[in-house]
Amino acid sequence: MTIEPTSPRRRAGAAPTDVDARLREHVDRLGEQHPPIELDSVDYTVQDAALLDARFGGVLDYMARVELEVDRNVLELLTLLPDPPEVDRHFYADVWQPQEIRHGIILDTLQTEIGRAPAVTDTDSVGVKLKVLGGLAHLGSFQDVCRMLYYLTGMSTERSAVLAYNALHSGLLDLGEDAVARTVVAPIRRQEPGHFAFYQLSARGLWAQLAPWQQWMVRRMRTISYGPVGVNNDEQHADFGEVVDALGLRDGIEEFAAEVTRVERELLWAREDGLPVPAYVVDAFRRAVELADERAA
Ligand SMILES: [Fe+2]
Ligand SMILES: [Fe+2]
């Protein structure tokens, strides 16, 4: 395979484009309109800690872990994209990471307030696979493949977060836990769509610039490496299955999977008619509930 010197667009030092300008505006606006949530704005008053723990303790723990592990995601990102475009750096360093860490701290505080242990997080180990990819990413045209994978993961992750927080918000209201629904989950979920929008805009812009071999490689790598948000091993895959169950999403798991990867399907798989959702996504979601069931049994 020849490595073509394609798509210099948006690499550091490249001339700015329309997509760049829109992204920069978007990131600046997010920074202005959504500062990290003030810790003293949160009301941790709960009506029934034991019931809240039984219904949603696992969800709080899972989401707290995922939010707090953004520190590792930044290290992964720096491994994967040694030379990120300035607007990407601006997004993750100035907007995304500070917001997400605050989400994690607030959710983790809530779970300790109801008597649970804090989340166990891994904030600093970067896997071998990523290091290999990062090594290859020093070839400019391969870095664009890595960037595309990063944007796709970002879209899937942020969309999952919004759907999970929507379900959690309704679940908390049903339990009569109005204070935490209103001051914990509502402000957090308000910040997630802006993250999704950043990745979506980036993904659409970059996909159109990729050469056919790069698009082919993105499809292949996505097919073999897709995982639901926060899943790095079988244990966490089963945890994710429990979260799906606790949020009442098991029966609609295909719709959930489809919604999470709607733009990914449109970009990568538009030519494969009839598939409402890529098979690797449905498989990963179904496997999560199977693993949760096996563990429960
Ligand atoms: Fe978040
Ligand atoms: Fe987010």
# chains A, B, ... in the order shown; residues from 1 in each chain; ligands from 1

$ residues_near_ligand --ligand "ligand 1" --cutoff "9 Å" --atoms "only C-alpha atoms and all ligand atoms" --output "list of chain:residue names"
A:Met63, A:Ala64, A:Val66, A:Glu67, A:Leu68, A:Trp96, A:Gln97, A:Gln99, A:Glu100, A:Ile101, A:Arg102, A:His103, A:Gly104, A:Glu158, A:Ala161, A:Val162, A:Ile188, A:Arg189, A:Gln191, A:Glu192, A:His195

$ select_by_dssp --residues "range 182-278 of chain A" --states "alpha helix (DSSP H)" --output "JSON list (two decimals) with C-alpha atoms, in the first residue's frame"
[["chain", "number", "residue", "atom", "x", "y", "z"],
["A", 186, "ALA", "CA", -29.91, 18.04, 34.51],
["A", 187, "PRO", "CA", -26.85, 20.36, 34.47],
["A", 188, "ILE", "CA", -24.54, 17.52, 33.42],
["A", 189, "ARG", "CA", -26.69, 16.36, 30.52],
["A", 190, "ARG", "CA", -27.01, 19.95, 29.31],
["A", 191, "GLN", "CA", -23.25, 19.97, 28.61],
["A", 192, "GLU", "CA", -23.02, 16.73, 26.62],
["A", 193, "PRO", "CA", -24.72, 17.74, 23.32],
["A", 194, "GLY", "CA", -22.08, 20.43, 22.72],
["A", 195, "HIS", "CA", -19.39, 17.74, 22.93],
["A", 196, "PHE", "CA", -21.30, 15.57, 20.47],
["A", 197, "ALA", "CA", -21.65, 18.51, 18.10],
["A", 198, "PHE", "CA", -17.89, 19.10, 18.14],
["A", 199, "TYR", "CA", -17.13, 15.50, 17.19],
["A", 200, "GLN", "CA", -19.88, 15.42, 14.59],
["A", 201, "LEU", "CA", -18.70, 18.55, 12.85],
["A", 202, "SER", "CA", -15.11, 17.29, 12.95],
["A", 203, "ALA", "CA", -16.05, 13.83, 11.68],
["A", 204, "ARG", "CA", -18.11, 15.12, 8.77],
["A", 205, "GLY", "CA", -15.35, 17.53, 7.76],
["A", 206, "LEU", "CA", -12.57, 14.96, 7.94],
["A", 207, "TRP", "CA", -14.44, 12.05, 6.35],
["A", 212, "PRO", "CA", -10.51, 5.77, -0.30],
["A", 213, "TRP", "CA", -7.76, 3.68, 1.37],
["A", 214, "GLN", "CA", -8.07, 5.77, 4.53],
["A", 215, "GLN", "CA", -11.86, 5.36, 4.57],
["A", 216, "TRP", "CA", -11.43, 1.63, 4.04],
["A", 217, "MET", "CA", -9.01, 1.46, 6.95],
["A", 218, "VAL", "CA", -11.36, 3.42, 9.22],
["A", 219, "ARG", "CA", -14.21, 0.96, 8.43],
["A", 220, "ARG", "CA", -11.95, -2.04, 9.12],
["A", 221, "MET", "CA", -10.55, -0.69, 12.37],
["A", 222, "ARG", "CA", -13.94, 0.39, 13.61],
["A", 223, "THR", "CA", -15.36, -3.06, 12.86],
["A", 224, "ILE", "CA", -12.70, -4.83, 14.90],
["A", 225, "SER", "CA", -12.36, -2.36, 17.75],
["A", 234, "ASP", "CA", -15.04, -8.01, 30.04],
["A", 235, "GLU", "CA", -15.78, -6.90, 33.58],
["A", 236, "GLN", "CA", -16.63, -3.39, 32.42],
["A", 237, "HIS", "CA", -18.57, -4.82, 29.47],
["A", 238, "ALA", "CA", -20.79, -6.65, 31.98],
["A", 239, "ASP", "CA", -21.03, -3.46, 34.08],
["A", 240, "PHE", "CA", -22.28, -1.67, 30.98],
["A", 241, "GLY", "CA", -24.91, -4.39, 30.52],
["A", 242, "GLU", "CA", -26.13, -3.74, 34.06],
["A", 243, "VAL", "CA", -26.31, -0.02, 33.35],
["A", 244, "VAL", "CA", -28.44, -0.71, 30.25],
["A", 245, "ASP", "CA", -30.73, -2.84, 32.41],
["A", 246, "ALA", "CA", -30.97, -0.37, 35.29],
["A", 253, "ILE", "CA", -31.22, -2.03, 22.84],
["A", 254, "GLU", "CA", -31.17, -2.00, 19.04],
["A", 255, "GLU", "CA", -32.76, 1.46, 18.93],
["A", 256, "PHE", "CA", -30.23, 2.57, 21.53],
["A", 257, "ALA", "CA", -27.35, 1.19, 19.45],
["A", 258, "ALA", "CA", -28.80, 2.78, 16.29],
["A", 259, "GLU", "CA", -29.23, 6.17, 17.91],
["A", 260, "VAL", "CA", -25.70, 6.13, 19.33],
["A", 262, "ARG", "CA", -26.57, 7.21, 13.55],
["A", 263, "VAL", "CA", -23.99, 9.58, 12.04],
["A", 264, "GLU", "CA", -21.31, 6.85, 11.96],
["A", 265, "ARG", "CA", -23.62, 4.64, 9.93],
["A", 266, "GLU", "CA", -24.46, 7.48, 7.59],
["A", 267, "LEU", "CA", -20.80, 8.37, 6.97],
["A", 268, "LEU", "CA", -19.11, 4.96, 6.92],
["A", 269, "TRP", "CA", -21.84, 2.63, 5.74]]

$ closest_residue --among "A:Gly171, A:Gly31, A:Gly176, A:Pro228" --to "Arg287 in chain A" --atoms "only C-alpha atoms"
A:Pro228

$ closest_residue --among "A:Leu107, A:Leu168, A:Val120, A:Leu80" --to "Cys146 in chain A" --atoms "only C-alpha atoms"
A:Leu80

$ closest_residue --among "A:Asp283, A:Glu69, A:Glu113, A:Glu76" --to "Lys131 in chain A" --atoms "only C-alpha atoms"
A:Glu76

$ closest_residue --among "A:Gly127, A:Gly57, A:Gly135, A:Gly154" --to "ligand 2" --atoms "only C-alpha atoms and all ligand atoms"
A:Gly154

$ atom_distance --atom1 "CA of Asp108 in chain A" --atom2 "CA of Asp174 in chain A"
21.5 Å

$ residues_around --residues "Val87 in chain A" --least-positions-apart "5" --cutoff "8 Å" --atoms "only C-alpha atoms" --output "ChimeraX atom specification"
/A:20,23-24,27

$ write_last_selection --atoms "N, CA and C atoms" --output "PDB file, in the first residue's frame"
ATOM      1  N   ASP A  20     -12.760  24.596  10.121  1.00  0.00           N
ATOM      2  CA  ASP A  20     -11.951  25.096  11.241  1.00  0.00           C
ATOM      3  C   ASP A  20     -12.616  26.279  11.923  1.00  0.00           C
ATOM      4  N   LEU A  23     -15.646  25.258  13.819  1.00  0.00           N
ATOM      5  CA  LEU A  23     -15.272  24.520  15.029  1.00  0.00           C
ATOM      6  C   LEU A  23     -14.769  25.470  16.113  1.00  0.00           C
ATOM      7  N   ARG A  24     -13.949  26.417  15.683  1.00  0.00           N
ATOM      8  CA  ARG A  24     -13.392  27.342  16.676  1.00  0.00           C
ATOM      9  C   ARG A  24     -14.511  28.151  17.337  1.00  0.00           C
ATOM     10  N   VAL A  27     -16.360  25.914  19.764  1.00  0.00           N
ATOM     11  CA  VAL A  27     -15.624  25.650  21.006  1.00  0.00           C
ATOM     12  C   VAL A  27     -15.607  26.898  21.890  1.00  0.00           C
TER      13      VAL A  27
END
